[in-house]
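These notes concern the structure reproduced below.
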Amino acid sequence: MDHRPATVIARSAADPVLDADIAVLKLSLRTTNVLRVNQLHTVRDVTRVPARKLFALSRLGRNSLREIVESVNQKGLRLAD
């Protein structure tokens, strides 16, 4: 039986998603371009940034932020606090 905490197990299972290109999030072209310009190329890169810092990125508006949050949540992940 595995005695590791559930969070470690869940995170290990999500690693392929975290290491995937942001294209798997199926974001709009505009949102994807803003993330790439700001050196956020993988899902892991995006999830390490709090929503308030993403919102502060140039050309990333409320709708783009909502799009990112919803897409990340659909993958069973969330943004940093």
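For the structure tokens, the naming scheme is as follows: chains receive sequential letters (A, B, ...) according to their order of presentation, residues are indexed from 1 within each chain, and ligands are indexed from 1 in presentation order.
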
| field | Residues within 8 Å of Asp81 of chain A, only C-alpha atoms, excluding chain neighbours under 5 positions, as a ChimeraX atom specification | value | /A:49-51

From a backbone DSSP assignment, name each residue in segment 2-78 of chain A labelled helix (DSSP H, G or I), as a PDB file with N, CA, C and O atoms, in the first residue's frame.
```
ATOM      1  N   ALA A   6      -1.855  12.025  -0.284  1.00  0.00           N
ATOM      2  CA  ALA A   6      -2.647  12.059  -1.508  1.00  0.00           C
ATOM      3  C   ALA A   6      -2.222  13.199  -2.429  1.00  0.00           C
ATOM      4  O   ALA A   6      -2.266  13.071  -3.647  1.00  0.00           O
ATOM      5  N   THR A   7      -1.793  14.324  -1.872  1.00  0.00           N
ATOM      6  CA  THR A   7      -1.396  15.452  -2.709  1.00  0.00           C
ATOM      7  C   THR A   7      -0.182  15.119  -3.559  1.00  0.00           C
ATOM      8  O   THR A   7      -0.097  15.538  -4.697  1.00  0.00           O
ATOM      9  N   VAL A   8       0.729  14.338  -3.025  1.00  0.00           N
ATOM     10  CA  VAL A   8       1.904  13.938  -3.791  1.00  0.00           C
ATOM     11  C   VAL A   8       1.492  13.013  -4.923  1.00  0.00           C
ATOM     12  O   VAL A   8       1.941  13.147  -6.050  1.00  0.00           O
ATOM     13  N   ILE A   9       0.606  12.081  -4.657  1.00  0.00           N
ATOM     14  CA  ILE A   9       0.132  11.146  -5.673  1.00  0.00           C
ATOM     15  C   ILE A   9      -0.602  11.907  -6.774  1.00  0.00           C
ATOM     16  O   ILE A   9      -0.354  11.709  -7.951  1.00  0.00           O
ATOM     17  N   ALA A  10      -1.492  12.805  -6.401  1.00  0.00           N
ATOM     18  CA  ALA A  10      -2.255  13.567  -7.383  1.00  0.00           C
ATOM     19  C   ALA A  10      -1.328  14.428  -8.235  1.00  0.00           C
ATOM     20  O   ALA A  10      -1.502  14.552  -9.430  1.00  0.00           O
ATOM     21  N   ARG A  11      -0.340  15.028  -7.624  1.00  0.00           N
ATOM     22  CA  ARG A  11       0.584  15.880  -8.361  1.00  0.00           C
ATOM     23  C   ARG A  11       1.402  15.060  -9.347  1.00  0.00           C
ATOM     24  O   ARG A  11       1.631  15.480 -10.473  1.00  0.00           O
ATOM     25  N   SER A  12       1.824  13.874  -8.952  1.00  0.00           N
ATOM     26  CA  SER A  12       2.588  13.012  -9.848  1.00  0.00           C
ATOM     27  C   SER A  12       1.765  12.638 -11.065  1.00  0.00           C
ATOM     28  O   SER A  12       2.263  12.600 -12.177  1.00  0.00           O
ATOM     29  N   ALA A  13       0.481  12.374 -10.846  1.00  0.00           N
ATOM     30  CA  ALA A  13      -0.395  12.017 -11.952  1.00  0.00           C
ATOM     31  C   ALA A  13      -0.589  13.199 -12.895  1.00  0.00           C
ATOM     32  O   ALA A  13      -0.822  13.025 -14.078  1.00  0.00           O
ATOM     33  N   ALA A  14      -0.502  14.414 -12.387  1.00  0.00           N
ATOM     34  CA  ALA A  14      -0.725  15.603 -13.208  1.00  0.00           C
ATOM     35  C   ALA A  14       0.538  16.070 -13.917  1.00  0.00           C
ATOM     36  O   ALA A  14       0.469  16.951 -14.760  1.00  0.00           O
ATOM     37  N   ASP A  15       1.688  15.528 -13.582  1.00  0.00           N
ATOM     38  CA  ASP A  15       2.942  15.998 -14.161  1.00  0.00           C
ATOM     39  C   ASP A  15       2.944  16.036 -15.689  1.00  0.00           C
ATOM     40  O   ASP A  15       3.434  16.999 -16.253  1.00  0.00           O
ATOM     41  N   PRO A  16       2.416  15.024 -16.388  1.00  0.00           N
ATOM     42  CA  PRO A  16       2.402  15.134 -17.858  1.00  0.00           C
ATOM     43  C   PRO A  16       1.631  16.371 -18.325  1.00  0.00           C
ATOM     44  O   PRO A  16       2.032  17.019 -19.282  1.00  0.00           O
ATOM     45  N   VAL A  17       0.576  16.725 -17.647  1.00  0.00           N
ATOM     46  CA  VAL A  17      -0.189  17.914 -18.004  1.00  0.00           C
ATOM     47  C   VAL A  17       0.611  19.160 -17.668  1.00  0.00           C
ATOM     48  O   VAL A  17       0.667  20.105 -18.464  1.00  0.00           O
ATOM     49  N   LEU A  18       1.242  19.188 -16.515  1.00  0.00           N
ATOM     50  CA  LEU A  18       2.015  20.358 -16.101  1.00  0.00           C
ATOM     51  C   LEU A  18       3.167  20.640 -17.059  1.00  0.00           C
ATOM     52  O   LEU A  18       3.489  21.798 -17.328  1.00  0.00           O
ATOM     53  N   ILE A  22       1.340  25.083 -23.429  1.00  0.00           N
ATOM     54  CA  ILE A  22       0.078  25.752 -23.106  1.00  0.00           C
ATOM     55  C   ILE A  22      -0.991  25.520 -24.173  1.00  0.00           C
ATOM     56  O   ILE A  22      -2.165  25.772 -23.936  1.00  0.00           O
ATOM     57  N   ALA A  23      -0.620  24.985 -25.315  1.00  0.00           N
ATOM     58  CA  ALA A  23      -1.597  24.682 -26.360  1.00  0.00           C
ATOM     59  C   ALA A  23      -2.671  23.712 -25.858  1.00  0.00           C
ATOM     60  O   ALA A  23      -3.809  23.766 -26.313  1.00  0.00           O
ATOM     61  N   VAL A  24      -2.326  22.839 -24.891  1.00  0.00           N
ATOM     62  CA  VAL A  24      -3.306  21.877 -24.370  1.00  0.00           C
ATOM     63  C   VAL A  24      -4.430  22.573 -23.616  1.00  0.00           C
ATOM     64  O   VAL A  24      -5.489  21.975 -23.406  1.00  0.00           O
ATOM     65  N   LEU A  25      -4.223  23.831 -23.226  1.00  0.00           N
ATOM     66  CA  LEU A  25      -5.265  24.571 -22.520  1.00  0.00           C
ATOM     67  C   LEU A  25      -6.339  25.088 -23.472  1.00  0.00           C
ATOM     68  O   LEU A  25      -7.396  25.529 -23.046  1.00  0.00           O
ATOM     69  N   LEU A  29      -6.088  32.583 -29.390  1.00  0.00           N
ATOM     70  CA  LEU A  29      -4.786  32.948 -29.932  1.00  0.00           C
ATOM     71  C   LEU A  29      -4.218  34.165 -29.206  1.00  0.00           C
ATOM     72  O   LEU A  29      -3.029  34.200 -28.873  1.00  0.00           O
ATOM     73  N   ARG A  30      -5.049  35.141 -28.930  1.00  0.00           N
ATOM     74  CA  ARG A  30      -4.604  36.354 -28.242  1.00  0.00           C
ATOM     75  C   ARG A  30      -4.031  36.014 -26.857  1.00  0.00           C
ATOM     76  O   ARG A  30      -2.942  36.460 -26.495  1.00  0.00           O
ATOM     77  N   THR A  31      -4.761  35.211 -26.089  1.00  0.00           N
ATOM     78  CA  THR A  31      -4.316  34.838 -24.746  1.00  0.00           C
ATOM     79  C   THR A  31      -3.027  34.025 -24.811  1.00  0.00           C
ATOM     80  O   THR A  31      -2.086  34.270 -24.053  1.00  0.00           O
ATOM     81  N   THR A  32      -2.980  33.089 -25.732  1.00  0.00           N
ATOM     82  CA  THR A  32      -1.771  32.268 -25.903  1.00  0.00           C
ATOM     83  C   THR A  32      -0.571  33.142 -26.239  1.00  0.00           C
ATOM     84  O   THR A  32       0.514  32.968 -25.666  1.00  0.00           O
ATOM     85  N   ASN A  33      -0.757  34.092 -27.144  1.00  0.00           N
ATOM     86  CA  ASN A  33       0.355  34.974 -27.530  1.00  0.00           C
ATOM     87  C   ASN A  33       0.843  35.815 -26.365  1.00  0.00           C
ATOM     88  O   ASN A  33       2.050  35.996 -26.185  1.00  0.00           O
ATOM     89  N   VAL A  34      -0.070  36.327 -25.546  1.00  0.00           N
ATOM     90  CA  VAL A  34       0.324  37.126 -24.382  1.00  0.00           C
ATOM     91  C   VAL A  34       1.154  36.269 -23.427  1.00  0.00           C
ATOM     92  O   VAL A  34       2.177  36.716 -22.920  1.00  0.00           O
ATOM     93  N   LEU A  35       0.716  35.044 -23.187  1.00  0.00           N
ATOM     94  CA  LEU A  35       1.466  34.163 -22.284  1.00  0.00           C
ATOM     95  C   LEU A  35       2.853  33.877 -22.840  1.00  0.00           C
ATOM     96  O   LEU A  35       3.851  33.939 -22.115  1.00  0.00           O
ATOM     97  N   ARG A  36       2.938  33.563 -24.127  1.00  0.00           N
ATOM     98  CA  ARG A  36       4.240  33.242 -24.735  1.00  0.00           C
ATOM     99  C   ARG A  36       5.191  34.441 -24.707  1.00  0.00           C
ATOM    100  O   ARG A  36       6.373  34.288 -24.431  1.00  0.00           O
ATOM    101  N   VAL A  37       4.678  35.634 -24.992  1.00  0.00           N
ATOM    102  CA  VAL A  37       5.507  36.840 -24.960  1.00  0.00           C
ATOM    103  C   VAL A  37       6.087  37.048 -23.561  1.00  0.00           C
ATOM    104  O   VAL A  37       7.196  37.558 -23.402  1.00  0.00           O
ATOM    105  N   VAL A  43       2.150  24.544 -19.059  1.00  0.00           N
ATOM    106  CA  VAL A  43       1.070  24.643 -18.072  1.00  0.00           C
ATOM    107  C   VAL A  43       1.669  24.909 -16.698  1.00  0.00           C
ATOM    108  O   VAL A  43       1.145  25.701 -15.915  1.00  0.00           O
ATOM    109  N   ARG A  44       2.799  24.292 -16.399  1.00  0.00           N
ATOM    110  CA  ARG A  44       3.478  24.510 -15.117  1.00  0.00           C
ATOM    111  C   ARG A  44       3.855  25.983 -14.956  1.00  0.00           C
ATOM    112  O   ARG A  44       3.659  26.569 -13.903  1.00  0.00           O
ATOM    113  N   ASP A  45       4.373  26.591 -16.014  1.00  0.00           N
ATOM    114  CA  ASP A  45       4.731  28.011 -15.962  1.00  0.00           C
ATOM    115  C   ASP A  45       3.517  28.858 -15.577  1.00  0.00           C
ATOM    116  O   ASP A  45       3.602  29.754 -14.749  1.00  0.00           O
ATOM    117  N   VAL A  46       2.389  28.571 -16.197  1.00  0.00           N
ATOM    118  CA  VAL A  46       1.173  29.350 -15.965  1.00  0.00           C
ATOM    119  C   VAL A  46       0.651  29.137 -14.550  1.00  0.00           C
ATOM    120  O   VAL A  46       0.291  30.096 -13.864  1.00  0.00           O
ATOM    121  N   THR A  47       0.633  27.893 -14.084  1.00  0.00           N
ATOM    122  CA  THR A  47       0.065  27.615 -12.765  1.00  0.00           C
ATOM    123  C   THR A  47       0.933  28.129 -11.624  1.00  0.00           C
ATOM    124  O   THR A  47       0.463  28.223 -10.491  1.00  0.00           O
ATOM    125  N   ALA A  51      -3.150  34.699 -10.089  1.00  0.00           N
ATOM    126  CA  ALA A  51      -4.076  35.381 -10.998  1.00  0.00           C
ATOM    127  C   ALA A  51      -3.820  36.879 -11.045  1.00  0.00           C
ATOM    128  O   ALA A  51      -3.853  37.488 -12.112  1.00  0.00           O
ATOM    129  N   ARG A  52      -3.545  37.484  -9.906  1.00  0.00           N
ATOM    130  CA  ARG A  52      -3.337  38.937  -9.883  1.00  0.00           C
ATOM    131  C   ARG A  52      -2.113  39.348 -10.690  1.00  0.00           C
ATOM    132  O   ARG A  52      -2.077  40.411 -11.293  1.00  0.00           O
ATOM    133  N   LYS A  53      -1.094  38.484 -10.734  1.00  0.00           N
ATOM    134  CA  LYS A  53       0.099  38.799 -11.524  1.00  0.00           C
ATOM    135  C   LYS A  53      -0.162  38.567 -13.011  1.00  0.00           C
ATOM    136  O   LYS A  53       0.362  39.294 -13.850  1.00  0.00           O
ATOM    137  N   LEU A  54      -0.954  37.545 -13.332  1.00  0.00           N
ATOM    138  CA  LEU A  54      -1.327  37.340 -14.729  1.00  0.00           C
ATOM    139  C   LEU A  54      -2.117  38.539 -15.230  1.00  0.00           C
ATOM    140  O   LEU A  54      -1.896  39.033 -16.331  1.00  0.00           O
ATOM    141  N   PHE A  55      -3.055  39.008 -14.410  1.00  0.00           N
ATOM    142  CA  PHE A  55      -3.897  40.135 -14.796  1.00  0.00           C
ATOM    143  C   PHE A  55      -3.059  41.393 -15.026  1.00  0.00           C
ATOM    144  O   PHE A  55      -3.428  42.253 -15.838  1.00  0.00           O
ATOM    145  N   ARG A  62      -9.514  40.974 -18.385  1.00  0.00           N
ATOM    146  CA  ARG A  62     -10.383  40.179 -17.514  1.00  0.00           C
ATOM    147  C   ARG A  62     -10.873  38.910 -18.205  1.00  0.00           C
ATOM    148  O   ARG A  62     -10.894  37.832 -17.617  1.00  0.00           O
ATOM    149  N   ASN A  63     -11.282  39.032 -19.465  1.00  0.00           N
ATOM    150  CA  ASN A  63     -11.794  37.860 -20.184  1.00  0.00           C
ATOM    151  C   ASN A  63     -10.694  36.827 -20.416  1.00  0.00           C
ATOM    152  O   ASN A  63     -10.934  35.617 -20.302  1.00  0.00           O
ATOM    153  N   SER A  64      -9.493  37.287 -20.741  1.00  0.00           N
ATOM    154  CA  SER A  64      -8.380  36.358 -20.936  1.00  0.00           C
ATOM    155  C   SER A  64      -8.029  35.655 -19.632  1.00  0.00           C
ATOM    156  O   SER A  64      -7.766  34.449 -19.619  1.00  0.00           O
ATOM    157  N   LEU A  65      -8.041  36.396 -18.537  1.00  0.00           N
ATOM    158  CA  LEU A  65      -7.755  35.790 -17.235  1.00  0.00           C
ATOM    159  C   LEU A  65      -8.807  34.745 -16.897  1.00  0.00           C
ATOM    160  O   LEU A  65      -8.474  33.636 -16.461  1.00  0.00           O
ATOM    161  N   ARG A  66     -10.070  35.070 -17.125  1.00  0.00           N
ATOM    162  CA  ARG A  66     -11.150  34.118 -16.865  1.00  0.00           C
ATOM    163  C   ARG A  66     -10.968  32.860 -17.714  1.00  0.00           C
ATOM    164  O   ARG A  66     -11.137  31.733 -17.247  1.00  0.00           O
ATOM    165  N   GLU A  67     -10.572  33.048 -18.969  1.00  0.00           N
ATOM    166  CA  GLU A  67     -10.322  31.934 -19.877  1.00  0.00           C
ATOM    167  C   GLU A  67      -9.211  31.028 -19.338  1.00  0.00           C
ATOM    168  O   GLU A  67      -9.332  29.793 -19.349  1.00  0.00           O
ATOM    169  N   ILE A  68      -8.136  31.622 -18.861  1.00  0.00           N
ATOM    170  CA  ILE A  68      -7.012  30.853 -18.308  1.00  0.00           C
ATOM    171  C   ILE A  68      -7.450  30.079 -17.071  1.00  0.00           C
ATOM    172  O   ILE A  68      -7.193  28.874 -16.956  1.00  0.00           O
ATOM    173  N   VAL A  69      -8.114  30.756 -16.136  1.00  0.00           N
ATOM    174  CA  VAL A  69      -8.551  30.115 -14.894  1.00  0.00           C
ATOM    175  C   VAL A  69      -9.477  28.937 -15.197  1.00  0.00           C
ATOM    176  O   VAL A  69      -9.309  27.842 -14.644  1.00  0.00           O
ATOM    177  N   GLU A  70     -10.441  29.135 -16.080  1.00  0.00           N
ATOM    178  CA  GLU A  70     -11.380  28.056 -16.409  1.00  0.00           C
ATOM    179  C   GLU A  70     -10.670  26.876 -17.060  1.00  0.00           C
ATOM    180  O   GLU A  70     -10.937  25.720 -16.731  1.00  0.00           O
ATOM    181  N   SER A  71      -9.765  27.152 -17.965  1.00  0.00           N
ATOM    182  CA  SER A  71      -9.055  26.086 -18.651  1.00  0.00           C
ATOM    183  C   SER A  71      -8.145  25.304 -17.704  1.00  0.00           C
ATOM    184  O   SER A  71      -8.098  24.073 -17.752  1.00  0.00           O
ATOM    185  N   VAL A  72      -7.447  26.019 -16.831  1.00  0.00           N
ATOM    186  CA  VAL A  72      -6.579  25.360 -15.849  1.00  0.00           C
ATOM    187  C   VAL A  72      -7.424  24.513 -14.901  1.00  0.00           C
ATOM    188  O   VAL A  72      -7.078  23.370 -14.591  1.00  0.00           O
ATOM    189  N   ASN A  73      -8.554  25.053 -14.469  1.00  0.00           N
ATOM    190  CA  ASN A  73      -9.450  24.306 -13.577  1.00  0.00           C
ATOM    191  C   ASN A  73      -9.983  23.042 -14.247  1.00  0.00           C
ATOM    192  O   ASN A  73     -10.126  22.007 -13.597  1.00  0.00           O
ATOM    193  N   GLN A  74     -10.287  23.118 -15.537  1.00  0.00           N
ATOM    194  CA  GLN A  74     -10.779  21.941 -16.264  1.00  0.00           C
ATOM    195  C   GLN A  74      -9.741  20.828 -16.309  1.00  0.00           C
ATOM    196  O   GLN A  74     -10.087  19.654 -16.438  1.00  0.00           O
TER     197      GLN A  74
END
```

| field | For atom CA of Leu57 of chain A and atom CA of Asn38 of chain A, the interatomic separation in Å (one decimal) | value |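 Rounded to one decimal, the two atoms are 7.8 Å apart.
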